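Notes for the one structure printed next.
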Amino acid sequence: KRFKELLTESFEDYEIQREPMTTVDVVDIFGDVDLIDKYSKSVAYYIDKTKFFPDKRDFQYAGIDNERKFITKVMITSTSVFAFMFLLNLVSGDVLGGITQGLMFSLMTFLAGVYYPKLKLLFFRGEIKLQVLFTMLYIIATIRSGMSLQEAIEGVARNKEFGIPSMEFRTILRDINIGGFSFQEAIERAIERTKIPLMETLYQQLLIALNKGNV
């Protein structure tokens, strides 16, 4: 019994030091390579400036803050797909088939990654509608409680759970606080900038309410 007590005390006094688990991002490894970093910047710039590719706004809608880092991941993934397909065919002695299939699947992977923001907007329209609907209900409830429209927008901007409206409203507040625009001018700029039809409708209603002086 005494031995058991001593054993228990020794385990209680002994503190196990656990090192925190660290996760390594593949971009943190390859992103520092000058060649990859150079090409990822060039590709990201080209994609952003080409009309039929997603622009910076599309990437923001998809929840991607760092466009260049995302493009770097896509490039590394597509390169890995090429290497895999090439080696797979090389085992069977089909070098030409390995190059052909590698290029084909690598290009498909790259394009799927690049167009991901547009695809997300296309396939998640229902989710966006819910986000805008909840935003409208929140604004109405907030104004009825005695707060101003700008305060309601600030509340949405602070809460990222609102999704796209939260991101759009942060841009409006940036125009007001940093750009020096009036509240109405900031909303008018948001109408020109947004790519979401429902958000444009919401902004139009906000302008009408501002002009009537109801908020």
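Chain labels follow the order of the structure tokens: the first chain is A, the next B, and so on; residue numbering restarts at 1 in every chain, and ligands are counted from 1 in their shown order.
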
| request: Might you pull out every residue within 6 Å of segment 161-172 of chain A, with only C-alpha atoms counted and same-chain residues fewer than 4 positions away left off, and present them as a ChimeraX atom specification? | output: /A:131,156-157,186

Keeping only C-alpha atoms, take the residues you just selected and write them out as a PDB file, in the first residue's frame.
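Listing of result_39.pdb after writing:
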```
ATOM      1  CA  GLN A 131     -26.261  35.619 -45.850  1.00  0.00           C
ATOM      2  CA  VAL A 156     -22.324  43.401 -39.625  1.00  0.00           C
ATOM      3  CA  ALA A 157     -18.783  44.366 -40.611  1.00  0.00           C
ATOM      4  CA  ALA A 186     -19.561  54.992 -49.795  1.00  0.00           C
TER       5      ALA A 186
END
```

| request: Show which residues sit within 12 Å of Pro197 of chain A, as an NGL selection string. Count only C-alpha atoms, and ignore same-chain residues fewer than 2 positions away. | output: :A and (121 or 125 or 128-129 or 132 or 165 or 190-195 or 199-204)

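Remark: for Met108 of chain A, the closest of the candidate residues A:Val74, A:Met136, A:Val95, A:Leu87 is A:Val74 (distances computed over only C-alpha atoms).
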
| request: Per DSSP on the backbone, filter segment 55-190 of chain A down to the residues in helix (DSSP H, G or I) and report them as a count of residues only. | output: 114

| request: Would you mind reading off the distance between atom CA of Ser42 of chain A and atom CA of Leu122 of chain A, one decimal, in Å? | output: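 Between atom CA of Ser42 of chain A and atom CA of Leu122 of chain A the gap works out to 26.7 Å.
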
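When atom CA of Ile143 of chain A is paired with atom CA of Leu173 of chain A, their separation reads 17.8 Å.
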
| message | Restricting the calculation to only C-alpha atoms: of A:Tyr138, A:Tyr116, A:Tyr39, A:Phe105, which residue gets closest to Arg68 of chain A? | response |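 Checking each candidate against Arg68 of chain A, we get A:Tyr39 as the closest.
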
| So which residues touch Gly97 of chain A within 12 Å, counting only C-alpha atoms, skipping near sequence neighbours fewer than 4 positions away, as a list in words? | Phe82, Met85, Phe86, Leu87, Leu88, Asn89, Leu90, Val91, Ser92, Gly93, Gln101, Gly102, Leu103, Met104 and Phe105 of chain A

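With atom CA of Ile139 of chain A on one side and atom CA of Ala152 of chain A on the other, the separation reads 5.5 Å.
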
| message | List as a VMD selection string the protein and nucleic acid residues near Leu210 of chain A, meaning an atom at most 10 Å away when only C-alpha atoms are counted, but skip any in the same chain fewer than 6 places from it. | response | chain A and resid 149 183 to 184 204
